[in-house]
file structure.cif (mmCIF, C-alpha atoms and all ligand atoms)
data_query
loop_
_atom_site.label_atom_id
_atom_site.label_comp_id
_atom_site.auth_asym_id
_atom_site.auth_seq_id
_atom_site.Cartn_x
_atom_site.Cartn_y
_atom_site.Cartn_z
CA MET A 1 6.04 0.98 47.05
CA ASP A 2 7.71 -1.72 49.08
CA ILE A 3 9.48 -4.01 46.63
CA SER A 4 11.09 -7.36 47.42
CA VAL A 5 12.75 -9.29 44.64
CA PHE A 6 13.10 -13.08 44.76
CA LEU A 7 16.34 -14.34 43.24
CA GLY A 8 17.24 -18.00 42.86
CA ALA A 9 17.64 -20.83 40.42
CA PRO A 10 14.81 -22.24 38.35
CA GLY A 11 12.99 -24.65 40.68
CA SER A 12 14.28 -23.10 43.91
CA GLY A 13 10.69 -22.42 45.06
CA LYS A 14 10.28 -18.69 44.30
CA GLY A 15 6.85 -19.10 42.74
CA THR A 16 5.59 -21.54 45.37
CA GLN A 17 6.52 -19.22 48.24
CA ALA A 18 5.41 -15.99 46.53
CA LYS A 19 1.99 -17.50 45.81
CA ARG A 20 1.56 -18.57 49.45
CA LEU A 21 2.52 -15.11 50.73
CA SER A 22 0.13 -13.42 48.34
CA GLU A 23 -2.71 -15.64 49.58
CA GLU A 24 -1.94 -15.36 53.30
CA ALA A 25 -0.47 -11.88 53.66
CA ALA A 26 -0.77 -8.51 51.96
CA PHE A 27 1.77 -9.13 49.22
CA GLN A 28 1.14 -8.75 45.54
CA HIS A 29 2.91 -11.48 43.57
CA LEU A 30 4.23 -10.50 40.14
CA SER A 31 5.91 -13.29 38.18
CA THR A 32 7.41 -12.24 34.86
CA GLY A 33 7.42 -15.90 33.76
CA ASP A 34 3.66 -16.13 34.43
CA MET A 35 3.09 -12.84 32.53
CA LEU A 36 5.01 -14.14 29.52
CA ARG A 37 3.18 -17.49 29.54
CA ALA A 38 -0.15 -15.63 29.68
CA ALA A 39 0.95 -13.46 26.74
CA ILE A 40 1.87 -16.59 24.75
CA ALA A 41 -1.54 -18.13 25.54
CA ASP A 42 -3.24 -14.90 24.38
CA GLY A 43 -1.25 -14.85 21.15
CA SER A 44 -0.23 -11.22 21.81
CA ASP A 45 2.80 -9.49 20.24
CA LEU A 46 4.70 -9.86 23.50
CA GLY A 47 3.95 -13.60 23.53
CA LYS A 48 5.12 -13.99 19.93
CA LYS A 49 8.39 -12.22 20.73
CA ALA A 50 9.01 -14.20 23.95
CA LYS A 51 8.04 -17.74 22.93
CA GLY A 52 11.23 -18.75 21.12
CA PHE A 53 13.46 -17.58 23.98
CA ILE A 54 11.39 -19.39 26.60
CA ASP A 55 11.22 -22.64 24.64
CA ARG A 56 15.02 -22.63 24.28
CA GLY A 57 15.56 -21.79 27.96
CA GLU A 58 17.16 -18.43 27.11
CA LEU A 59 16.40 -15.06 28.68
CA VAL A 60 13.98 -12.75 26.90
CA PRO A 61 15.91 -9.54 25.93
CA ASP A 62 16.23 -6.85 28.59
CA ASP A 63 14.43 -4.10 26.64
CA ILE A 64 11.27 -6.23 26.36
CA MET A 65 11.36 -7.27 30.03
CA ILE A 66 12.11 -3.77 31.38
CA ALA A 67 9.22 -2.28 29.38
CA LEU A 68 6.89 -5.03 30.65
CA ILE A 69 7.73 -4.50 34.32
CA ASP A 70 7.68 -0.69 33.98
CA THR A 71 4.14 -0.73 32.56
CA THR A 72 2.96 -3.24 35.16
CA LEU A 73 4.35 -1.36 38.17
CA ALA A 74 3.12 2.02 36.87
CA LYS A 75 -0.48 0.77 37.21
CA LEU A 76 -0.16 -0.15 40.90
CA PRO A 77 -0.88 2.14 43.86
CA ALA A 78 2.09 3.62 45.73
CA SER A 79 1.07 1.73 48.90
CA SER A 80 1.59 -1.70 47.25
CA LYS A 81 3.77 -4.38 48.84
CA ILE A 82 5.20 -6.24 45.91
CA ILE A 83 7.08 -9.48 45.41
CA LEU A 84 8.88 -9.62 42.07
CA ASP A 85 9.42 -13.29 41.19
CA GLY A 86 11.78 -13.81 38.26
CA PHE A 87 12.72 -10.15 37.75
CA PRO A 88 15.45 -8.90 37.69
CA ARG A 89 17.52 -11.56 35.92
CA THR A 90 20.35 -9.25 34.81
CA VAL A 91 22.14 -6.24 36.28
CA ALA A 92 20.59 -4.07 33.53
CA GLN A 93 17.12 -5.09 34.80
CA ALA A 94 18.15 -4.43 38.42
CA GLU A 95 19.43 -0.97 37.48
CA ALA A 96 16.24 -0.18 35.60
CA LEU A 97 14.21 -0.75 38.79
CA ASP A 98 16.52 1.40 40.91
CA ASN A 99 16.71 4.21 38.34
CA ASN A 100 13.09 5.07 39.02
CA PRO A 101 12.77 6.32 42.63
CA LYS A 102 9.23 4.87 42.81
CA THR A 103 10.44 1.34 42.03
CA ARG A 104 13.72 1.22 43.94
CA VAL A 105 14.12 -2.26 45.40
CA ASN A 106 13.94 -2.51 49.20
CA ARG A 107 15.40 -6.02 49.55
CA ALA A 108 16.52 -8.99 47.51
CA VAL A 109 16.05 -12.50 48.86
CA THR A 110 18.21 -15.21 47.34
CA PHE A 111 16.78 -18.75 47.50
CA GLU A 112 19.85 -20.88 48.22
CA ILE A 113 19.58 -24.52 47.17
CA PRO A 114 21.97 -27.27 46.07
CA GLU A 115 21.93 -27.52 42.28
CA GLY A 116 21.56 -31.32 42.40
CA VAL A 117 17.90 -31.22 43.48
CA LEU A 118 16.68 -28.83 40.78
CA VAL A 119 16.34 -31.05 37.71
CA GLU A 120 14.04 -33.46 39.57
CA ARG A 121 12.01 -30.59 41.03
CA LEU A 122 11.47 -29.03 37.61
CA THR A 123 10.82 -32.11 35.50
CA GLY A 124 8.30 -33.32 38.12
CA ARG A 125 6.48 -29.99 38.43
CA ARG A 126 2.82 -29.80 37.42
CA ILE A 127 0.72 -26.63 37.50
CA CYS A 128 -3.02 -26.06 37.69
CA SER A 129 -4.32 -24.63 34.43
CA LYS A 130 -7.09 -22.79 36.32
CA CYS A 131 -5.58 -21.33 39.52
CA GLY A 132 -1.83 -21.71 38.94
CA GLU A 133 -1.22 -23.82 42.05
CA PRO A 134 2.10 -25.67 41.71
CA PHE A 135 2.39 -29.41 42.45
CA HIS A 136 5.11 -32.00 42.15
CA VAL A 137 4.53 -35.60 41.11
CA LYS A 138 6.72 -36.85 43.98
CA PHE A 139 7.24 -34.03 46.52
CA MET A 140 3.77 -32.42 46.45
CA PRO A 141 1.50 -34.85 44.66
CA PRO A 142 -2.14 -33.88 44.17
CA LYS A 143 -4.70 -36.08 45.97
CA LYS A 144 -6.14 -37.12 42.60
CA ASP A 145 -3.77 -37.68 39.68
CA GLY A 146 -3.72 -34.71 37.27
CA ILE A 147 -6.36 -32.74 39.24
CA CYS A 148 -5.81 -29.63 41.38
CA ASP A 149 -6.61 -30.11 45.11
CA LYS A 150 -7.75 -26.50 45.42
CA CYS A 151 -10.04 -25.91 42.43
CA SER A 152 -10.29 -29.25 40.54
CA GLY A 153 -8.64 -27.69 37.47
CA SER A 154 -6.49 -29.94 35.30
CA LEU A 155 -2.74 -30.01 35.81
CA TYR A 156 -0.24 -29.41 33.00
CA GLN A 157 3.51 -29.49 32.53
CA ARG A 158 5.33 -26.31 31.43
CA SER A 159 6.88 -26.66 27.95
CA ASP A 160 10.25 -25.50 29.35
CA ASP A 161 10.22 -28.15 32.10
CA LYS A 162 11.49 -30.85 29.72
CA GLU A 163 14.90 -32.10 30.84
CA ASP A 164 16.99 -30.63 27.97
CA VAL A 165 15.48 -27.13 28.37
CA VAL A 166 15.76 -27.35 32.19
CA LYS A 167 19.51 -27.99 31.85
CA ARG A 168 19.91 -24.96 29.59
CA ARG A 169 17.91 -22.76 32.02
CA LEU A 170 20.23 -23.78 34.85
CA VAL A 171 23.32 -22.82 32.78
CA VAL A 172 21.75 -19.47 31.83
CA PHE A 173 20.95 -18.82 35.50
CA GLN A 174 24.58 -19.45 36.53
CA GLN A 175 25.81 -16.96 33.93
CA SER A 176 24.10 -13.92 35.44
CA ASN A 177 23.36 -14.84 39.05
CA SER A 178 26.63 -13.92 40.77
CA GLN A 179 26.64 -10.41 39.24
CA LEU A 180 23.08 -9.92 40.42
CA LEU A 181 23.92 -11.09 43.95
CA ASN A 182 26.90 -8.70 44.03
CA PHE A 183 24.68 -5.84 42.89
CA TYR A 184 22.41 -6.23 45.93
CA ARG A 185 25.18 -7.32 48.33
CA THR A 186 27.23 -4.17 47.76
CA SER A 187 24.18 -2.02 48.49
CA GLN A 188 23.40 -4.03 51.68
CA ARG A 189 20.04 -5.27 50.41
CA LEU A 190 20.80 -8.98 49.97
CA LYS A 191 19.17 -11.55 52.29
CA GLU A 192 19.94 -15.25 52.08
CA LEU A 193 17.26 -17.90 52.53
CA ASP A 194 17.83 -21.65 52.94
CA ALA A 195 15.43 -22.91 50.27
CA ASN A 196 16.03 -26.61 50.90
CA ALA A 197 14.20 -26.83 54.24
CA GLY A 198 10.52 -27.73 53.77
CA VAL A 199 7.78 -25.42 52.52
CA GLU A 200 6.39 -24.36 55.93
CA SER A 201 9.69 -23.51 57.58
CA ILE A 202 10.88 -21.66 54.46
CA GLN A 203 7.73 -19.55 54.59
CA THR A 204 8.26 -18.70 58.27
CA ASN A 205 11.85 -17.60 57.58
CA LEU A 206 10.76 -15.65 54.53
CA VAL A 207 8.12 -13.68 56.45
CA ARG A 208 10.83 -12.68 58.91
CA LEU A 209 13.17 -11.55 56.12
CA LEU A 210 10.43 -9.46 54.48
CA SER A 211 9.39 -7.59 57.62
P1 LIG B 301 10.15 -18.28 35.19
O1 LIG B 301 8.74 -18.66 35.05
O2 LIG B 301 10.52 -17.16 36.09
P2 LIG B 301 12.25 -19.79 36.49
O3 LIG B 301 13.06 -20.72 35.66
O4 LIG B 301 12.96 -18.61 36.98
O5 LIG B 301 10.95 -19.59 35.60
P3 LIG B 301 10.70 -21.47 38.00
O6 LIG B 301 11.03 -22.64 37.14
O7 LIG B 301 9.35 -20.91 37.87
O8 LIG B 301 11.75 -20.37 37.79
P4 LIG B 301 10.46 -21.43 40.89
O9 LIG B 301 9.32 -20.51 40.74
O10 LIG B 301 11.63 -20.99 41.70
O11 LIG B 301 11.06 -21.90 39.48
O12 LIG B 301 9.99 -22.84 41.43
P5 LIG B 301 8.53 -23.38 41.93
O13 LIG B 301 7.57 -23.46 40.79
O14 LIG B 301 8.12 -22.64 43.14
O15 LIG B 301 8.93 -24.86 42.38
C1 LIG B 301 9.47 -25.82 41.45
C2 LIG B 301 8.98 -27.22 41.84
O16 LIG B 301 9.49 -27.57 43.14
C3 LIG B 301 7.45 -27.35 41.94
O17 LIG B 301 7.06 -28.61 41.45
C4 LIG B 301 7.17 -27.24 43.43
O18 LIG B 301 6.00 -27.98 43.79
C5 LIG B 301 8.44 -27.85 44.05
N1 LIG B 301 8.78 -27.21 45.33
C6 LIG B 301 8.64 -25.90 45.68
N2 LIG B 301 9.05 -25.68 46.94
C7 LIG B 301 9.49 -26.87 47.40
C8 LIG B 301 10.07 -27.30 48.64
O19 LIG B 301 10.24 -26.52 49.59
N3 LIG B 301 10.43 -28.61 48.74
C9 LIG B 301 10.26 -29.49 47.70
N4 LIG B 301 10.65 -30.77 47.86
N5 LIG B 301 9.71 -29.13 46.52
C10 LIG B 301 9.33 -27.85 46.36
O20 LIG B 301 10.76 -17.94 33.78
C11 LIG B 301 10.52 -18.76 32.67
C12 LIG B 301 11.19 -18.16 31.44
O21 LIG B 301 10.63 -16.87 31.16
C13 LIG B 301 11.63 -15.95 30.71
C14 LIG B 301 12.89 -16.77 30.53
O22 LIG B 301 12.91 -17.28 29.23
C15 LIG B 301 12.70 -17.91 31.56
O23 LIG B 301 13.46 -19.08 31.24
N6 LIG B 301 11.78 -14.88 31.70
C16 LIG B 301 12.65 -13.86 31.62
N7 LIG B 301 13.60 -13.55 30.70
C17 LIG B 301 14.35 -12.46 30.93
N8 LIG B 301 14.20 -11.67 32.01
C18 LIG B 301 13.26 -11.93 32.95
N9 LIG B 301 13.13 -11.12 34.03
C19 LIG B 301 12.43 -13.07 32.78
N10 LIG B 301 11.43 -13.62 33.51
C20 LIG B 301 11.04 -14.71 32.85
MG MG B 302 8.24 -19.74 39.06
#

call {"tool": "encode", "arguments": {"input": "structure.cif", "output": "structure tokens"}}
result
Amino acid sequence: MDISVFLGAPGSGKGTQAKRLSEEAAFQHLSTGDMLRAAIADGSDLGKKAKGFIDRGELVPDDIMIALIDTTLAKLPASSKIILDGFPRTVAQAEALDNNPKTRVNRAVTFEIPEGVLVERLTGRRICSKCGEPFHVKFMPPKKDGICDKCSGSLYQRSDDKEDVVKRRLVVFQQSNSQLLNFYRTSQRLKELDANAGVESIQTNLVRLLS
């Protein structure tokens, strides 16, 4: 497997860019946040365990997340080119990937962005309930209010994109991010991306970093 992990603050654009690359190039996009939200919508055991943590803006415990990603990766062919969006969030999760030779991470891209822009990006985010396309009420508004440009699905706001939860998510991110960056920096796998540059130019730079 070829595994790239996307690191970066909530709202830094990981999901937006990973979705574009999975549509335009041969990358498989795996977002642990999307998996957990799907589990909550299904009412599964995993969803029941994760919901409280997500709604408070806290991390879901490592043992749950490591088991989820292990099972997901085990089902994929060895030739897969994978983007992990939102995993790992802790050094324990990063070590779990590396401990299995089949899932050792090839590179980690950190989405660098000034913290000041993130609250507005997150509280203004809207997502298509049908195809998952992300929009923003100000920066990427849909052509028709509340309706997806791509598939005409209706747009919704994530329950953890309310301002108080967003602020907690940003604090939680700061608590573990520098250790995670050090983990990949010391093993020469860390690549820095300017994530405050416009969607198209970010994508061009990203493709270069992933090749
Ligand atoms: P998630 O789902 O992984 P976060 O908090 O890590 O959530 P999030 O919020 O999904 O990350 P993102 O994917 O980086 O952020 O951002 P995005 O959706 O692409 O873009 C945000 C907004 O900015 C959108 O409106 C978009 O249109 C706009 N935008 C994007 N690019 C640009 C740009 O270039 N310019 C401009 N102007 N705007 C742009 O995790 C959710 C929860 O799940 C649990 C945790 O509880 C977590 O809080 N969880 C885990 N817990 C433990 N371990 C794990 N590994 C976990 N994974 C998930
Ligand atoms: Mg995301």

call {"tool": "residues_near_ligand", "arguments": {"input": "structure.cif", "ligand": "ligand LIG 301 (chain B)", "cutoff": "7 Å", "atoms": "all atoms listed in the file", "output": "PyMOL selection string"}}
result
chain A and resi 8-17+31-34+36+53-54+57-62+65+85-89+121-122+124-126+134-136+139-140+169+195-199+202

call {"tool": "closest_residue", "arguments": {"input": "structure.cif", "among": "A:Glu95, A:Ala25, A:Val105, A:Asp161", "to": "ligand MG 302 (chain B)", "atoms": "all atoms listed in the file"}}
result
A:Asp161

call {"tool": "residues_around", "arguments": {"input": "structure.cif", "residues": "Arg104 (chain A)", "least_positions_apart": "5", "cutoff": "9 Å", "atoms": "all atoms listed in the file", "output": "number ranges by chain"}}
result
A: 1-3, 95-99

call {"tool": "write_last_selection", "arguments": {"input": "structure.cif", "atoms": "C-alpha atoms", "output": "mmCIF file, keeping the file's coordinate frame"}}
result
data_model
loop_
_atom_site.group_PDB
_atom_site.id
_atom_site.type_symbol
_atom_site.label_atom_id
_atom_site.label_comp_id
_atom_site.auth_asym_id
_atom_site.auth_seq_id
_atom_site.Cartn_x
_atom_site.Cartn_y
_atom_site.Cartn_z
ATOM 1 C CA MET A 1 6.040 0.980 47.050
ATOM 2 C CA ASP A 2 7.710 -1.720 49.080
ATOM 3 C CA ILE A 3 9.480 -4.010 46.630
ATOM 4 C CA GLU A 95 19.430 -0.970 37.480
ATOM 5 C CA ALA A 96 16.240 -0.180 35.600
ATOM 6 C CA LEU A 97 14.210 -0.750 38.790
ATOM 7 C CA ASP A 98 16.520 1.400 40.910
ATOM 8 C CA ASN A 99 16.710 4.210 38.340
#

call {"tool": "closest_residue", "arguments": {"input": "structure.cif", "among": "A:Val117, A:Ser176, A:Asp194, A:Thr103", "to": "Ala74 (chain A)", "atoms": "all atoms listed in the file"}}
result
A:Thr103

call {"tool": "closest_residue", "arguments": {"input": "structure.cif", "among": "A:Ile127, A:Val91, A:Leu30, A:Leu7", "to": "Leu68 (chain A)", "atoms": "all atoms listed in the file"}}
result
A:Leu30

call {"tool": "atom_distance", "arguments": {"input": "structure.cif", "atom1": "CA of Cys151 (chain A)", "atom2": "CA of Leu84 (chain A)"}}
result
25.0 Å

call {"tool": "atom_distance", "arguments": {"input": "structure.cif", "atom1": "CA of Lys75 (chain A)", "atom2": "CA of Ser129 (chain A)"}}
result
25.8 Å

call {"tool": "closest_residue", "arguments": {"input": "structure.cif", "among": "A:Ala18, A:Cys128, A:Ile83, A:Val171", "to": "ligand MG 302 (chain B)", "atoms": "all atoms listed in the file"}}
result
A:Ala18

call {"tool": "closest_residue", "arguments": {"input": "structure.cif", "among": "A:Asp70, A:Ser178, A:Lys191, A:His29", "to": "ligand MG 302 (chain B)", "atoms": "only C-alpha atoms and all ligand atoms"}}
result
A:His29

call {"tool": "decode", "arguments": {"input": "structure.cif", "residues": "region 155-169 of chain A", "atoms": "N, CA and C atoms", "output": "PDB file, in the first residue's frame"}}
result
ATOM      1  N   LEU A 155     -28.178  20.490   1.566  1.00  0.00           N
ATOM      2  CA  LEU A 155     -26.973  20.744   2.355  1.00  0.00           C
ATOM      3  C   LEU A 155     -27.327  20.788   3.847  1.00  0.00           C
ATOM      4  N   TYR A 156     -26.406  20.276   4.673  1.00  0.00           N
ATOM      5  CA  TYR A 156     -26.630  20.336   6.126  1.00  0.00           C
ATOM      6  C   TYR A 156     -25.376  20.857   6.817  1.00  0.00           C
ATOM      7  N   GLN A 157     -25.551  21.235   8.084  1.00  0.00           N
ATOM      8  CA  GLN A 157     -24.417  21.683   8.886  1.00  0.00           C
ATOM      9  C   GLN A 157     -24.051  20.584   9.878  1.00  0.00           C
ATOM     10  N   ARG A 158     -22.763  20.258   9.997  1.00  0.00           N
ATOM     11  CA  ARG A 158     -22.328  19.246  10.969  1.00  0.00           C
ATOM     12  C   ARG A 158     -22.639  19.705  12.382  1.00  0.00           C
ATOM     13  N   SER A 159     -23.072  18.754  13.250  1.00  0.00           N
ATOM     14  CA  SER A 159     -23.446  19.130  14.624  1.00  0.00           C
ATOM     15  C   SER A 159     -22.240  19.664  15.399  1.00  0.00           C
ATOM     16  N   ASP A 160     -21.013  19.260  14.996  1.00  0.00           N
ATOM     17  CA  ASP A 160     -19.837  19.774  15.728  1.00  0.00           C
ATOM     18  C   ASP A 160     -19.260  21.029  15.073  1.00  0.00           C
ATOM     19  N   ASP A 161     -19.976  21.626  14.137  1.00  0.00           N
ATOM     20  CA  ASP A 161     -19.539  22.896  13.541  1.00  0.00           C
ATOM     21  C   ASP A 161     -20.193  24.117  14.187  1.00  0.00           C
ATOM     22  N   LYS A 162     -20.832  23.919  15.345  1.00  0.00           N
ATOM     23  CA  LYS A 162     -21.328  25.063  16.134  1.00  0.00           C
ATOM     24  C   LYS A 162     -20.126  25.707  16.818  1.00  0.00           C
ATOM     25  N   GLU A 163     -20.195  27.036  17.001  1.00  0.00           N
ATOM     26  CA  GLU A 163     -18.994  27.764  17.436  1.00  0.00           C
ATOM     27  C   GLU A 163     -18.349  27.224  18.721  1.00  0.00           C
ATOM     28  N   ASP A 164     -19.156  26.867  19.739  1.00  0.00           N
ATOM     29  CA  ASP A 164     -18.542  26.423  20.998  1.00  0.00           C
ATOM     30  C   ASP A 164     -17.792  25.096  20.814  1.00  0.00           C
ATOM     31  N   VAL A 165     -18.355  24.186  20.020  1.00  0.00           N
ATOM     32  CA  VAL A 165     -17.673  22.894  19.796  1.00  0.00           C
ATOM     33  C   VAL A 165     -16.436  23.106  18.915  1.00  0.00           C
ATOM     34  N   VAL A 166     -16.548  23.988  17.916  1.00  0.00           N
ATOM     35  CA  VAL A 166     -15.401  24.297  17.041  1.00  0.00           C
ATOM     36  C   VAL A 166     -14.219  24.755  17.891  1.00  0.00           C
ATOM     37  N   LYS A 167     -14.477  25.634  18.859  1.00  0.00           N
ATOM     38  CA  LYS A 167     -13.385  26.165  19.693  1.00  0.00           C
ATOM     39  C   LYS A 167     -12.735  25.043  20.495  1.00  0.00           C
ATOM     40  N   ARG A 168     -13.525  24.122  20.988  1.00  0.00           N
ATOM     41  CA  ARG A 168     -12.977  22.990  21.745  1.00  0.00           C
ATOM     42  C   ARG A 168     -12.139  22.093  20.818  1.00  0.00           C
ATOM     43  N   ARG A 169     -12.636  21.854  19.592  1.00  0.00           N
ATOM     44  CA  ARG A 169     -11.885  21.012  18.648  1.00  0.00           C
ATOM     45  C   ARG A 169     -10.520  21.620  18.349  1.00  0.00           C
TER      46      ARG A 169
END
